[in-house]
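Structure file final.cif; described as mmCIF, C-alpha atoms.
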```
data_model
#
loop_
_atom_site.label_atom_id
_atom_site.label_comp_id
_atom_site.auth_asym_id
_atom_site.auth_seq_id
_atom_site.Cartn_x
_atom_site.Cartn_y
_atom_site.Cartn_z
CA MET A 1241 -27.66 16.04 -7.97
CA ASN A 1242 -28.80 12.81 -6.36
CA TYR A 1243 -26.86 12.65 -3.09
CA GLY A 1244 -28.22 9.20 -2.22
CA ARG A 1245 -26.72 7.72 -5.37
CA GLU A 1246 -23.42 9.56 -4.93
CA PHE A 1247 -23.22 8.11 -1.43
CA GLY A 1248 -24.33 4.60 -2.40
CA LYS A 1249 -21.93 4.12 -5.30
CA GLY A 1250 -18.93 4.00 -2.96
CA ILE A 1251 -20.48 1.17 -1.02
CA TRP A 1252 -21.40 -1.19 -3.86
CA GLN A 1253 -20.99 -0.37 -7.59
CA GLU A 1254 -17.71 1.50 -7.18
CA ASN A 1255 -16.52 0.02 -3.88
CA PRO A 1256 -12.84 1.08 -3.79
CA VAL A 1257 -11.43 -2.26 -2.64
CA LEU A 1258 -13.85 -4.86 -3.93
CA ARG A 1259 -14.62 -3.38 -7.34
CA MET A 1260 -11.86 -0.87 -8.18
CA LEU A 1261 -9.02 -2.87 -6.54
CA LEU A 1262 -7.57 0.26 -4.95
CA GLY A 1263 -5.87 0.45 -1.57
CA MET A 1264 -4.94 -3.22 -1.50
CA CYS A 1265 -1.91 -2.84 0.80
CA PRO A 1266 -3.77 -1.70 3.94
CA THR A 1267 -6.62 -4.11 3.12
CA LEU A 1268 -4.22 -7.04 3.28
CA ALA A 1269 -1.91 -5.82 6.02
CA VAL A 1270 -4.10 -4.62 8.87
CA THR A 1271 -7.08 -6.99 8.63
CA THR A 1272 -5.79 -9.53 11.17
CA SER A 1273 -8.94 -8.77 13.16
CA ALA A 1274 -12.25 -7.05 12.47
CA ILE A 1275 -11.52 -4.21 14.89
CA ASN A 1276 -8.18 -3.37 13.23
CA GLY A 1277 -9.92 -3.34 9.86
CA VAL A 1278 -12.61 -0.95 11.09
CA GLY A 1279 -9.99 1.28 12.77
CA MET A 1280 -7.94 1.53 9.60
CA GLY A 1281 -11.07 2.10 7.54
CA LEU A 1282 -12.25 4.95 9.75
CA CYS A 1283 -8.78 6.58 9.74
CA THR A 1284 -8.68 6.46 5.96
CA ALA A 1285 -12.26 7.75 5.77
CA ALA A 1286 -11.34 10.71 8.01
CA VAL A 1287 -8.37 11.61 5.81
CA LEU A 1288 -10.48 11.15 2.68
CA LEU A 1289 -13.21 13.42 4.04
CA GLY A 1290 -10.72 16.15 4.96
CA SER A 1291 -8.77 16.00 1.74
CA ASN A 1292 -11.85 15.80 -0.52
CA VAL A 1293 -13.45 18.86 1.07
CA ALA A 1294 -10.19 20.85 1.15
CA ILE A 1295 -9.34 20.02 -2.45
CA SER A 1296 -12.81 20.81 -3.76
CA LEU A 1297 -12.65 24.20 -2.02
CA LEU A 1298 -9.21 24.87 -3.48
CA ARG A 1299 -9.96 23.43 -6.92
CA ASN A 1300 -10.14 26.81 -8.70
CA ARG A 1301 -6.93 28.08 -7.08
CA ILE A 1302 -4.64 25.11 -7.76
CA PRO A 1303 -2.84 25.50 -11.13
CA PRO A 1304 -3.64 22.37 -13.20
CA LYS A 1305 0.01 21.67 -14.03
CA VAL A 1306 1.11 21.17 -10.44
CA ARG A 1307 -2.16 19.74 -9.13
CA ILE A 1308 -0.82 16.28 -8.19
CA PRO A 1309 1.97 17.60 -5.88
CA CYS A 1310 -0.56 20.01 -4.34
CA PHE A 1311 -3.02 17.17 -3.71
CA ILE A 1312 -0.26 15.11 -2.11
CA VAL A 1313 0.66 17.95 0.28
CA VAL A 1314 -2.99 18.39 1.31
CA ILE A 1315 -3.40 14.63 1.84
CA ALA A 1316 -0.10 14.32 3.74
CA SER A 1317 -1.15 17.15 6.09
CA PHE A 1318 -4.43 15.41 6.95
CA VAL A 1319 -2.56 12.12 7.45
CA THR A 1320 -0.20 13.83 9.90
CA VAL A 1321 -3.18 15.25 11.81
CA VAL A 1322 -4.86 11.84 12.02
CA ASP A 1323 -1.55 10.18 12.95
CA LEU A 1324 -0.99 12.57 15.88
CA LEU A 1325 -4.63 12.37 17.04
CA MET A 1326 -4.53 8.56 16.98
CA ASN A 1327 -1.29 8.49 18.90
CA GLY A 1328 -2.88 10.68 21.55
CA PHE A 1329 -6.36 9.19 21.86
CA ALA A 1330 -6.20 5.61 20.54
CA HIS A 1331 -2.67 4.59 21.37
CA GLU A 1332 -3.25 0.80 21.28
CA LEU A 1333 -4.83 0.91 17.83
CA HIS A 1334 -2.08 3.29 16.66
CA LYS A 1335 0.52 0.72 17.72
CA SER A 1336 -1.17 -2.21 15.99
CA LEU A 1337 -1.71 -0.30 12.72
CA GLY A 1338 1.87 1.01 12.93
CA LEU A 1339 3.52 1.77 9.62
CA PHE A 1340 0.23 1.77 7.73
CA ILE A 1341 -0.94 5.08 9.21
CA PRO A 1342 1.75 7.23 7.52
CA LEU A 1343 1.19 5.05 4.44
CA ILE A 1344 -2.39 6.38 4.09
CA VAL A 1345 -0.65 9.14 2.06
CA VAL A 1346 0.06 6.73 -0.77
CA ASN A 1347 -3.33 5.01 -0.60
CA CYS A 1348 -4.49 5.29 -4.20
CA ILE A 1349 -8.15 5.67 -3.15
CA ILE A 1350 -7.51 9.12 -1.69
CA LEU A 1351 -5.47 10.52 -4.58
CA GLY A 1352 -7.91 8.84 -6.96
CA ARG A 1353 -10.94 10.60 -5.43
CA ALA A 1354 -9.06 13.92 -5.30
CA GLU A 1355 -8.19 13.73 -8.99
CA GLY A 1356 -11.33 12.02 -10.23
CA TYR A 1357 -14.01 13.70 -8.11
CA ALA A 1358 -13.09 16.49 -5.69
CA SER A 1359 -11.18 18.53 -8.28
CA ARG A 1360 -14.34 18.72 -10.43
CA HIS A 1361 -17.17 19.02 -7.90
CA GLY A 1362 -18.25 21.38 -5.14
CA ALA A 1363 -17.60 20.89 -1.43
CA LEU A 1364 -20.94 19.27 -0.54
CA PRO A 1365 -20.97 16.54 -3.23
CA SER A 1366 -17.27 15.87 -2.51
CA MET A 1367 -18.13 15.40 1.14
CA VAL A 1368 -20.90 12.93 0.29
CA ASP A 1369 -18.57 11.11 -2.10
CA ALA A 1370 -15.86 10.88 0.58
CA LEU A 1371 -18.35 9.54 3.14
CA GLY A 1372 -19.60 6.87 0.72
CA MET A 1373 -16.13 5.81 -0.39
CA GLY A 1374 -14.79 5.87 3.16
CA LEU A 1375 -17.69 3.75 4.38
CA GLY A 1376 -17.27 1.34 1.46
CA PHE A 1377 -13.58 0.97 2.29
CA THR A 1378 -14.33 0.42 6.00
CA LEU A 1379 -16.97 -2.16 5.13
CA ALA A 1380 -14.59 -4.08 2.86
CA LEU A 1381 -11.91 -4.09 5.56
CA PHE A 1382 -14.47 -5.21 8.13
CA VAL A 1383 -15.57 -8.14 5.94
CA VAL A 1384 -12.00 -9.31 5.25
CA GLY A 1385 -10.95 -8.75 8.88
CA GLY A 1386 -14.07 -10.49 10.18
CA ILE A 1387 -13.57 -13.61 8.04
CA ARG A 1388 -9.90 -13.84 9.04
CA GLU A 1389 -10.69 -13.34 12.72
CA VAL A 1390 -13.46 -15.97 12.78
CA LEU A 1391 -11.39 -18.62 11.00
CA GLY A 1392 -8.03 -17.77 12.55
CA ASN A 1393 -9.11 -17.06 16.11
CA GLY A 1394 -12.73 -18.18 16.49
CA THR A 1395 -13.85 -14.71 17.57
CA ILE A 1396 -15.38 -11.63 16.00
CA LEU A 1397 -14.72 -8.15 17.41
CA GLY A 1398 -13.19 -10.01 20.37
CA ALA A 1399 -16.38 -12.00 21.18
CA ARG A 1400 -16.19 -15.80 20.81
CA VAL A 1401 -18.51 -17.13 18.08
CA LEU A 1402 -17.10 -20.61 17.48
CA PRO A 1403 -17.05 -23.23 20.29
CA GLU A 1404 -13.93 -23.62 22.46
CA MET A 1405 -13.09 -26.96 20.83
CA TYR A 1406 -12.64 -25.26 17.44
CA GLN A 1407 -9.01 -25.53 16.33
CA PRO A 1408 -8.12 -22.08 14.94
CA VAL A 1409 -6.58 -22.04 11.45
CA ILE A 1410 -3.60 -19.92 12.48
CA VAL A 1411 -2.53 -19.34 8.88
CA MET A 1412 -5.62 -17.17 8.33
CA VAL A 1413 -4.25 -14.44 10.61
CA LEU A 1414 -0.79 -14.73 9.04
CA ALA A 1415 0.27 -13.24 5.71
CA PRO A 1416 -0.97 -16.02 3.36
CA GLY A 1417 -4.46 -15.91 4.91
CA ALA A 1418 -4.81 -12.25 3.91
CA PHE A 1419 -4.21 -12.94 0.23
CA ILE A 1420 -6.39 -16.05 0.15
CA THR A 1421 -9.32 -14.42 2.01
CA LEU A 1422 -9.31 -11.32 -0.21
CA GLY A 1423 -9.09 -13.56 -3.30
CA PHE A 1424 -12.20 -15.48 -2.26
CA VAL A 1425 -14.08 -12.32 -1.23
CA LEU A 1426 -13.40 -10.79 -4.68
CA ALA A 1427 -14.48 -14.01 -6.41
CA GLY A 1428 -17.67 -13.97 -4.31
CA MET A 1429 -18.37 -10.37 -5.35
CA ASN A 1430 -17.93 -11.31 -9.01
CA LYS A 1431 -20.32 -14.23 -8.59
CA ILE A 1432 -23.00 -12.08 -6.91
CA GLU A 1433 -22.60 -9.42 -9.60
CA ALA A 1434 -23.00 -12.05 -12.34
CA LEU A 1435 -26.16 -13.40 -10.67
CA PHE A 1436 -27.64 -9.89 -10.49
CA LYS A 1437 -27.02 -9.28 -14.18
CA LYS A 1438 -28.98 -12.36 -15.24
CA MET B 287 34.00 -10.47 9.37
CA GLU B 288 31.21 -9.74 11.82
CA VAL B 289 30.21 -6.67 9.83
CA PHE B 290 30.05 -8.85 6.75
CA THR B 291 27.69 -11.36 8.42
CA THR B 292 25.39 -8.56 9.60
CA TYR B 293 25.00 -7.30 6.05
CA ILE B 294 24.45 -10.79 4.66
CA LEU B 295 21.73 -11.30 7.28
CA ILE B 296 20.07 -7.99 6.39
CA VAL B 297 20.03 -9.02 2.73
CA ILE B 298 18.63 -12.52 3.38
CA ASN B 299 16.03 -11.09 5.75
CA ALA B 300 14.82 -8.42 3.34
CA LEU B 301 14.93 -10.71 0.32
CA LEU B 302 13.27 -13.85 1.68
CA VAL B 303 12.15 -13.76 5.30
CA THR B 304 10.37 -10.42 5.49
CA ASN B 305 9.80 -10.05 1.76
CA VAL B 306 8.22 -6.67 0.93
CA ILE B 307 5.22 -8.27 -0.79
CA PHE B 308 4.68 -11.58 0.97
CA ALA B 309 5.37 -10.56 4.55
CA ARG B 310 5.04 -6.77 4.69
CA PHE B 311 2.22 -6.22 2.15
CA LEU B 312 3.85 -3.20 0.56
CA GLY B 313 3.50 -2.46 -3.16
CA ILE B 314 0.55 -4.77 -3.87
CA CYS B 315 -0.90 -2.46 -6.56
CA PRO B 316 2.08 -2.71 -8.98
CA TYR B 317 2.40 -6.36 -7.97
CA LEU B 318 -1.07 -7.08 -9.34
CA GLY B 319 -0.92 -4.43 -12.06
CA VAL B 320 2.34 -4.97 -13.94
CA SER B 321 2.85 -8.68 -13.56
CA LYS B 322 1.26 -9.85 -16.82
CA LYS B 323 4.61 -10.40 -18.60
CA ILE B 324 8.06 -11.30 -17.32
CA SER B 325 9.73 -8.51 -19.36
CA THR B 326 7.55 -5.69 -17.99
CA SER B 327 7.84 -6.95 -14.44
CA LEU B 328 11.63 -7.00 -14.75
CA GLY B 329 11.53 -3.36 -15.93
CA MET B 330 9.32 -2.38 -12.99
CA GLY B 331 11.53 -4.31 -10.58
CA VAL B 332 14.74 -2.62 -11.73
CA ALA B 333 13.06 0.80 -11.50
CA VAL B 334 11.90 0.05 -7.94
CA VAL B 335 15.36 -1.14 -6.78
CA PHE B 336 16.84 2.05 -8.27
CA VAL B 337 14.39 4.50 -6.69
CA MET B 338 14.19 2.64 -3.37
CA THR B 339 17.98 2.78 -2.91
CA LEU B 340 18.11 6.44 -3.92
CA ALA B 341 15.26 7.22 -1.52
CA ALA B 342 17.25 5.70 1.35
CA VAL B 343 20.35 7.67 0.30
CA VAL B 344 18.34 10.91 0.49
CA THR B 345 15.85 10.38 3.33
CA TRP B 346 18.26 9.06 5.98
CA PRO B 347 20.46 12.20 6.17
CA LEU B 348 17.34 14.36 5.91
CA GLN B 349 15.76 12.61 8.90
CA THR B 350 18.94 12.56 10.99
CA TYR B 351 20.31 16.02 10.34
CA VAL B 352 17.22 18.10 9.61
CA LEU B 353 14.03 16.58 11.02
CA GLU B 354 15.62 15.23 14.21
CA ASN B 355 17.81 18.26 14.72
CA PRO B 356 17.04 19.36 18.31
CA LYS B 357 17.10 23.01 17.27
CA LEU B 358 14.45 22.52 14.61
CA ASP B 359 12.39 19.67 16.16
CA LEU B 360 10.46 18.87 13.00
CA ALA B 361 9.99 15.10 13.46
CA TYR B 362 6.22 15.44 13.04
CA LEU B 363 6.74 16.56 9.43
CA GLN B 364 8.26 13.19 8.46
CA THR B 365 5.37 11.95 6.31
CA ILE B 366 4.99 15.18 4.32
CA VAL B 367 8.73 15.69 3.80
CA PHE B 368 9.39 12.09 2.78
CA ILE B 369 6.60 11.87 0.23
CA LEU B 370 7.61 15.19 -1.34
CA MET B 371 11.24 14.07 -1.40
CA ILE B 372 10.33 10.80 -3.13
CA ALA B 373 8.05 12.52 -5.64
CA SER B 374 10.72 15.04 -6.61
CA LEU B 375 13.38 12.32 -6.66
CA VAL B 376 11.34 10.34 -9.17
CA GLN B 377 10.92 13.44 -11.36
CA LEU B 378 14.66 14.13 -11.16
CA VAL B 379 15.60 10.55 -12.08
CA GLU B 380 13.21 10.75 -15.01
CA LEU B 381 14.81 14.00 -16.27
CA ILE B 382 18.37 12.73 -15.86
CA LEU B 383 17.62 9.43 -17.60
CA LYS B 384 15.90 11.23 -20.48
CA LYS B 385 18.98 13.41 -21.10
CA THR B 386 21.79 10.96 -20.43
CA SER B 387 20.54 7.52 -21.36
CA PRO B 388 17.61 7.39 -23.80
CA PRO B 389 17.62 3.56 -24.08
CA LEU B 390 17.37 3.17 -20.31
CA TYR B 391 14.67 5.88 -20.26
CA ARG B 392 12.70 4.00 -22.88
CA ALA B 393 12.98 0.82 -20.82
CA LEU B 394 12.11 2.31 -17.40
CA GLY B 395 10.34 5.56 -18.37
CA ILE B 396 6.76 4.37 -18.15
CA TYR B 397 7.29 2.76 -14.75
CA LEU B 398 8.79 5.79 -13.05
CA PRO B 399 5.63 7.92 -12.60
CA LEU B 400 3.88 4.87 -11.13
CA ILE B 401 6.55 4.55 -8.49
CA THR B 402 5.65 7.77 -6.64
CA THR B 403 2.47 6.19 -5.32
CA ASN B 404 4.12 2.82 -4.71
CA CYS B 405 3.76 2.46 -0.98
CA ALA B 406 6.80 0.17 -0.83
CA ILE B 407 9.14 3.12 -1.41
CA LEU B 408 7.74 5.31 1.37
CA GLY B 409 7.16 2.27 3.59
CA ILE B 410 10.76 1.03 3.41
CA ALA B 411 12.12 4.56 3.91
CA ILE B 412 10.03 4.97 7.09
CA LEU B 413 10.80 1.42 8.28
CA SER B 414 14.56 1.86 8.11
CA ILE B 415 14.18 5.03 10.21
CA GLN B 416 11.86 3.32 12.71
CA GLU B 417 14.27 0.41 13.16
CA ARG B 418 17.08 2.88 13.93
CA MET B 419 19.43 1.55 11.26
CA ASN B 420 22.65 3.45 10.52
CA TYR B 421 23.34 4.97 7.11
CA PRO B 422 25.08 2.06 5.28
CA LYS B 423 22.67 -0.46 6.81
CA SER B 424 19.61 1.48 5.68
CA ILE B 425 21.00 1.68 2.12
CA VAL B 426 21.72 -2.07 2.01
CA PHE B 427 18.31 -2.82 3.54
CA SER B 428 16.51 -0.67 0.95
CA ALA B 429 18.39 -2.16 -2.01
CA ALA B 430 17.73 -5.70 -0.75
CA SER B 431 14.04 -4.93 -0.17
CA GLY B 432 13.81 -3.66 -3.75
CA MET B 433 15.37 -6.89 -4.94
CA GLY B 434 12.89 -8.85 -2.81
CA PHE B 435 10.09 -6.96 -4.58
CA THR B 436 11.63 -7.82 -7.97
CA LEU B 437 11.97 -11.48 -7.00
CA ALA B 438 8.32 -11.68 -5.94
CA LEU B 439 7.20 -9.89 -9.10
CA LEU B 440 9.23 -12.19 -11.38
CA ILE B 441 8.00 -15.41 -9.74
CA PHE B 442 4.42 -14.17 -9.94
CA ALA B 443 4.74 -13.06 -13.57
CA GLY B 444 6.12 -16.48 -14.50
CA ILE B 445 3.15 -18.20 -12.88
CA ARG B 446 0.70 -15.73 -14.36
CA GLU B 447 1.91 -16.31 -17.93
CA ARG B 448 0.97 -19.96 -17.48
CA LEU B 449 -2.24 -19.10 -15.64
CA GLU B 450 -3.48 -17.25 -18.75
CA LEU B 451 -3.72 -20.57 -20.58
CA THR B 452 -5.53 -22.52 -17.86
CA PRO B 453 -9.30 -22.81 -17.52
CA VAL B 454 -10.20 -20.80 -14.39
CA PRO B 455 -13.82 -20.45 -13.17
CA LYS B 456 -15.28 -17.21 -14.51
CA ALA B 457 -15.73 -15.47 -11.15
CA MET B 458 -12.12 -16.25 -10.18
CA ARG B 459 -10.47 -14.78 -13.28
CA GLY B 460 -8.06 -11.87 -12.94
CA ALA B 461 -7.45 -10.45 -9.49
CA PRO B 462 -9.06 -13.22 -7.33
CA ILE B 463 -6.93 -16.05 -8.71
CA GLY B 464 -3.90 -13.70 -8.65
CA LEU B 465 -4.41 -13.05 -4.93
CA ILE B 466 -4.89 -16.73 -4.13
CA THR B 467 -1.69 -17.56 -6.05
CA ALA B 468 0.08 -14.86 -4.04
CA GLY B 469 -1.28 -16.46 -0.86
CA ILE B 470 0.20 -19.82 -1.78
CA LEU B 471 3.51 -18.13 -2.64
CA ALA B 472 3.44 -16.34 0.71
CA LEU B 473 2.90 -19.73 2.37
CA ALA B 474 6.01 -21.02 0.59
CA PHE B 475 8.01 -17.96 1.66
CA MET B 476 7.03 -18.60 5.29
CA GLY B 477 9.34 -21.60 5.07
CA PHE B 478 12.28 -19.19 5.05
CA SER B 479 11.38 -17.77 8.45
CA GLY B 480 13.98 -19.93 10.22
CA LEU B 481 16.77 -18.34 8.20
CA GLY B 482 16.44 -14.86 9.62
CA ALA B 483 18.04 -15.25 13.03
CA HIS B 484 18.69 -11.86 14.58
#
```
Take the structure I supplied and represent it as structure tokens, if you would.
Amino acid sequence: MNYGREFGKGIWQENPVLRMLLGMCPTLAVTTSAINGVGMGLCTAAVLLGSNVAISLLRNRIPPKVRIPCFIVVIASFVTVVDLLMNGFAHELHKSLGLFIPLIVVNCIILGRAEGYASRHGALPSMVDALGMGLGFTLALFVVGGIREVLGNGTILGARVLPEMYQPVIVMVLAPGAFITLGFVLAGMNKIEALFKK
Amino acid sequence: MEVFTTYILIVINALLVTNVIFARFLGICPYLGVSKKISTSLGMGVAVVFVMTLAAVVTWPLQTYVLENPKLDLAYLQTIVFILMIASLVQLVELILKKTSPPLYRALGIYLPLITTNCAILGIAILSIQERMNYPKSIVFSAASGMGFTLALLIFAGIRERLELTPVPKAMRGAPIGLITAGILALAFMGFSGLGAH
């Protein structure tokens, strides 16, 4: 098994957000700034890593007929762990991500990887897959969050990049900006992909 | 009379001001997935209103009398319990519909399994708990949020049916143009923000 390729596919060819269009709700909701995007991405990656490894270890014990409810219980347990840890150690970030931390349970990326990958592969490949997918998700959130933060606030990761006289486009950090930014990022991905194919 | 105004305000708020899709970013996956035709989006919308209201009917007493019971002190299990409750609720509704009303089952049947992983259901259930609503208020809020989802889905499906016939640049086809349309709709919905006085 080629671990490099398993890892890399989550970042580009099968990027969960930009190519598979999974996990759109957190992508749109928490990317008001680059740091929120990265925080959400890392939380999701942690849950994905835990659930992928646990499910691949349990894959021969879970009866196929009730596998989906079992996966959901495993995922929900990891989400609860992450939720409590965040509340304890990163309280500010926990507050700004709010509702979307418990909602990691219904993030289709995690259930998708459990069903499509972890339930058929061993623990080590599942771990590599989770790391790649988690990193791909974080990267996508960072890109969307970064664009919105630069245009809507003139800063990136809190550091000013555009001159003081720049009039921030407030709408970019509001709801409509999320949809429009992600739309253009996806279109850009399609364009790059088409250029590569030529 | 005052009670009446409170409920009207909750409905207007959930329907227009803090619309599930355009302001809260919940349920984006079905929003992009099943909005190709007006008829299918109506089916999905009705199914969501139905399950969302039922979820509020079930989760509120569960939270108040079981999870927050001082003797049990199980509040940390909220995520796991709610998602399991919603998943079994969906299964139950599917079984009952199949036995009692085959025409309704044929109309809604295919949408029901999709609803379990619709983050709008879990999101609204958790939100009405977080905002400390009482029982009737949380039911009205959930039903109105479901209707807000249906409204957004119907408007979008109507636009999308026309969009199919327009020449769109190749890289923008599908999801990108859909998201940008949603962004413009969200911009329009921001105009309602003055209505939702608290």
Shell around Glu1355 (chain A) at 9 Å using only C-alpha atoms, local window under 5 positions removed, as number ranges by chain
A: 1307-1308, 1311, 1350, 1360
Translate the PyMOL selection byres ((chain B) within 10 of (chain A)) into a concrete residue list for this structure, as a ChimeraX atom specification.
/B:307-315,318-319,362-370,373-374,402-410,412-413,416,455-476
By how many Å are CA of Ala411 (chain B) and CA of Ala1354 (chain A) apart?
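Going from CA of Ala411 (chain B) over to CA of Ala1354 (chain A), I get 24.9 Å.
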Quick one: of B:Leu398, B:Ile296, B:Leu449, B:Val454, who's nearest to Leu375 (chain B), counting all atoms listed in the file?
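For Leu375 (chain B), the nearest of the candidates is B:Leu398.
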Rounded to one decimal place, report the CA of Ile294 (chain B)-CA of Ile415 (chain B) distance in Å.
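A separation of 19.7 Å between them.
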